[in-house]
Amino acid sequence: MANRLVINETIAAYANAAIDGANATGGRDAVVEVRNQMRQILGFMATNIDLRLSLDNEAYTAEERQALAGNVFDGYNPVVKELLGVMASRCDAALFRRVVSQYEDLIESKLNFNVVDVTTVVELDDNLRTVITNKAESDLGRDCVLVEHIDPSIQGGIILSTGDRYVDASVRTQFDKARIALKKKDGGEC
């Protein structure tokens, strides 16, 4: 196993290559698209252990692993497809989660903007989108790009997250907090 410094340098090289490639081919929009696709793939790989293990399986040749990644991720942004192909060819797919994390950090440090995930029950209208963007930019001191998600399970309100910041003002969370407070107060079941 490689030492930690070499692994960290490898992760940084992958993340820098991805962000530079995305930025060169499509600017901010491509950078955000690649980020969103990489996060989607993280979720997919978390539930598909066979794929995750196959991408790092030394029983396959480097070319076979790269072709597997190319076939599985065909249709994704070419930067994502190529990144995963190279990582698979080198048996580095297990580092993908850390590459995604480093990529997200580079959006802030290298390109000087934040990607803010916004979760609501319904689609945002233009006015609310502008209000949220302006507030986020004011609080963070830099440009922000919103990535909108719709999740009826939050029952109302809003959830915002960027980097290590997370604000949950959803109705579901407010109900959960009230239920916990009531349980503590009377010891009963709510």
# chains A, B, ... in the order shown; residues from 1 in each chain; ligands from 1
>>> closest_atom_pairs(of="segment 75-124 of chain A", to="segment 153-161 of chain A", cutoff="6 Å", atoms="only C-alpha atoms", output="CSV")
residue,atom,partner,partner_atom,distance
A:Val116,CA,A:Ser161,CA,5.6
A:Asp117,CA,A:Ser161,CA,5.2
A:Val118,CA,A:Leu160,CA,4.8
A:Thr119,CA,A:Ile159,CA,5.0
A:Thr120,CA,A:Ile158,CA,5.0
A:Val121,CA,A:Gly156,CA,5.6
>>> residues_around(residues="Val100 of chain A", least_positions_apart="4", cutoff="9 Å", atoms="only C-alpha atoms", output="PyMOL selection string")
chain A and resi 15+35+38-39+42+95-96+104-105
>>> write_last_selection(atoms="N, CA and C atoms", output="compact mmCIF listing (two decimals), in the first residue's frame")
# COMPACT_ATOMS: atom_id res chain seq x y z
N ALA A 15 -8.33 15.28 -8.83
CA ALA A 15 -9.30 16.36 -8.63
C ALA A 15 -8.93 17.59 -9.46
N ARG A 35 -19.50 18.07 -11.02
CA ARG A 35 -19.68 17.88 -9.57
C ARG A 35 -20.95 17.10 -9.28
N MET A 38 -20.57 13.47 -10.43
CA MET A 38 -19.70 12.70 -9.54
C MET A 38 -20.44 12.33 -8.24
N ARG A 39 -21.24 13.25 -7.73
CA ARG A 39 -22.02 12.95 -6.52
C ARG A 39 -23.06 11.87 -6.80
N LEU A 42 -21.26 8.59 -6.83
CA LEU A 42 -20.96 8.14 -5.47
C LEU A 42 -22.12 7.35 -4.89
N LEU A 95 -10.53 5.45 -4.38
CA LEU A 95 -10.23 6.82 -3.96
C LEU A 95 -11.28 7.83 -4.44
N PHE A 96 -12.26 7.38 -5.20
CA PHE A 96 -13.19 8.29 -5.87
C PHE A 96 -13.91 9.22 -4.89
N GLU A 104 -14.78 19.30 -4.85
CA GLU A 104 -15.69 20.30 -4.28
C GLU A 104 -14.91 21.40 -3.54
N ASP A 105 -13.85 21.03 -2.86
CA ASP A 105 -13.02 22.03 -2.19
C ASP A 105 -12.35 22.96 -3.22
>>> select_by_dssp(residues="segment 13-161 of chain A", states="helix (DSSP H, G or I)", output="PyMOL selection string")
chain A and resi 13-47+49-55+62-72+78-89+93-109+126-140+152-154
>>> write_last_selection(atoms="C-alpha atoms", output="JSON list (two decimals), in the first residue's frame")
[["chain", "number", "residue", "atom", "x", "y", "z"],
["A", 13, "ALA", "CA", -3.90, 15.22, -9.17],
["A", 14, "TYR", "CA", -7.19, 13.54, -10.12],
["A", 15, "ALA", "CA", -9.30, 16.36, -8.63],
["A", 16, "ASN", "CA", -7.20, 19.08, -10.27],
["A", 17, "ALA", "CA", -7.29, 17.34, -13.65],
["A", 18, "ALA", "CA", -11.09, 17.02, -13.40],
["A", 19, "ILE", "CA", -11.71, 20.62, -12.39],
["A", 20, "ASP", "CA", -9.28, 21.99, -14.97],
["A", 21, "GLY", "CA", -10.81, 19.81, -17.68],
["A", 22, "ALA", "CA", -14.37, 20.77, -16.79],
["A", 23, "ASN", "CA", -13.53, 24.46, -16.52],
["A", 24, "ALA", "CA", -11.67, 24.44, -19.86],
["A", 25, "THR", "CA", -14.47, 22.69, -21.75],
["A", 26, "GLY", "CA", -17.50, 24.49, -20.36],
["A", 27, "GLY", "CA", -16.65, 26.93, -17.60],
["A", 28, "ARG", "CA", -18.73, 27.17, -14.45],
["A", 29, "ASP", "CA", -21.68, 25.22, -15.91],
["A", 30, "ALA", "CA", -19.47, 22.24, -16.77],
["A", 31, "VAL", "CA", -17.73, 22.39, -13.38],
["A", 32, "VAL", "CA", -21.12, 22.18, -11.63],
["A", 33, "GLU", "CA", -22.36, 19.46, -14.01],
["A", 34, "VAL", "CA", -19.25, 17.34, -13.32],
["A", 35, "ARG", "CA", -19.68, 17.88, -9.57],
["A", 36, "ASN", "CA", -23.32, 16.81, -9.71],
["A", 37, "GLN", "CA", -22.55, 13.75, -11.82],
["A", 38, "MET", "CA", -19.70, 12.70, -9.54],
["A", 39, "ARG", "CA", -22.02, 12.95, -6.52],
["A", 40, "GLN", "CA", -24.63, 10.88, -8.37],
["A", 41, "ILE", "CA", -22.00, 8.23, -9.14],
["A", 42, "LEU", "CA", -20.96, 8.14, -5.47],
["A", 43, "GLY", "CA", -24.51, 7.18, -4.58],
["A", 44, "PHE", "CA", -24.62, 4.60, -7.34],
["A", 45, "MET", "CA", -21.30, 3.06, -6.32],
["A", 46, "ALA", "CA", -22.39, 2.93, -2.67],
["A", 47, "THR", "CA", -25.23, 0.61, -3.62],
["A", 49, "ILE", "CA", -20.51, -3.22, -4.64],
["A", 50, "ASP", "CA", -19.90, -5.44, -7.69],
["A", 51, "LEU", "CA", -19.16, -2.42, -9.84],
["A", 52, "ARG", "CA", -16.98, -0.81, -7.20],
["A", 53, "LEU", "CA", -14.96, -4.00, -6.74],
["A", 54, "SER", "CA", -14.70, -4.64, -10.49],
["A", 55, "LEU", "CA", -13.22, -1.21, -11.16],
["A", 62, "ALA", "CA", -5.95, -2.08, -16.94],
["A", 63, "GLU", "CA", -7.55, -1.83, -20.38],
["A", 64, "GLU", "CA", -10.49, -4.04, -19.35],
["A", 65, "ARG", "CA", -11.11, -1.95, -16.21],
["A", 66, "GLN", "CA", -10.90, 1.26, -18.25],
["A", 67, "ALA", "CA", -13.31, -0.15, -20.85],
["A", 68, "LEU", "CA", -15.71, -1.22, -18.09],
["A", 69, "ALA", "CA", -15.72, 2.32, -16.67],
["A", 70, "GLY", "CA", -16.17, 3.74, -20.16],
["A", 71, "ASN", "CA", -19.18, 1.50, -20.82],
["A", 72, "VAL", "CA", -20.82, 2.02, -17.43],
["A", 78, "PRO", "CA", -16.51, 13.25, -20.88],
["A", 79, "VAL", "CA", -14.41, 14.60, -17.99],
["A", 80, "VAL", "CA", -16.19, 12.25, -15.57],
["A", 81, "LYS", "CA", -15.99, 9.30, -17.95],
["A", 82, "GLU", "CA", -12.28, 9.82, -18.59],
["A", 83, "LEU", "CA", -11.49, 10.40, -14.91],
["A", 84, "LEU", "CA", -13.16, 7.16, -13.88],
["A", 85, "GLY", "CA", -11.54, 5.30, -16.76],
["A", 86, "VAL", "CA", -8.06, 6.42, -15.72],
["A", 87, "MET", "CA", -8.78, 5.72, -12.05],
["A", 88, "ALA", "CA", -10.05, 2.23, -12.89],
["A", 89, "SER", "CA", -7.06, 1.49, -15.12],
["A", 93, "ALA", "CA", -11.51, 3.71, -7.98],
["A", 94, "ALA", "CA", -11.58, 3.25, -4.20],
["A", 95, "LEU", "CA", -10.23, 6.82, -3.96],
["A", 96, "PHE", "CA", -13.19, 8.29, -5.87],
["A", 97, "ARG", "CA", -15.06, 9.56, -2.78],
["A", 98, "ARG", "CA", -11.99, 11.50, -1.69],
["A", 99, "VAL", "CA", -11.45, 12.84, -5.22],
["A", 100, "VAL", "CA", -15.02, 14.17, -5.22],
["A", 101, "SER", "CA", -14.47, 15.84, -1.86],
["A", 102, "GLN", "CA", -11.23, 17.44, -3.10],
["A", 103, "TYR", "CA", -12.98, 18.54, -6.31],
["A", 104, "GLU", "CA", -15.69, 20.30, -4.28],
["A", 105, "ASP", "CA", -13.02, 22.03, -2.19],
["A", 106, "LEU", "CA", -11.28, 23.19, -5.38],
["A", 107, "ILE", "CA", -14.48, 24.80, -6.65],
["A", 108, "GLU", "CA", -14.27, 27.12, -3.67],
["A", 109, "SER", "CA", -10.51, 27.61, -3.42],
["A", 126, "ASP", "CA", -37.30, 33.09, -10.08],
["A", 127, "ASN", "CA", -37.88, 35.55, -7.24],
["A", 128, "LEU", "CA", -37.13, 33.04, -4.48],
["A", 129, "ARG", "CA", -34.13, 31.72, -6.44],
["A", 130, "THR", "CA", -32.75, 35.28, -6.58],
["A", 131, "VAL", "CA", -33.40, 35.88, -2.86],
["A", 132, "ILE", "CA", -31.63, 32.63, -1.89],
["A", 133, "THR", "CA", -28.70, 33.30, -4.21],
["A", 134, "ASN", "CA", -28.24, 36.85, -2.91],
["A", 135, "LYS", "CA", -28.43, 35.71, 0.73],
["A", 136, "ALA", "CA", -25.94, 32.88, 0.13],
["A", 137, "GLU", "CA", -23.53, 35.20, -1.67],
["A", 138, "SER", "CA", -23.81, 37.75, 1.12],
["A", 139, "ASP", "CA", -23.20, 35.15, 3.84],
["A", 140, "LEU", "CA", -20.35, 33.37, 2.01],
["A", 152, "PRO", "CA", -41.64, 16.09, -0.75],
["A", 153, "SER", "CA", -40.56, 14.25, 2.41],
["A", 154, "ILE", "CA", -39.29, 17.49, 4.00]]
>>> closest_residue(among="A:Arg4, A:Tyr60, A:Thr162, A:Arg179", to="Cys144 of chain A", atoms="only C-alpha atoms")
A:Thr162
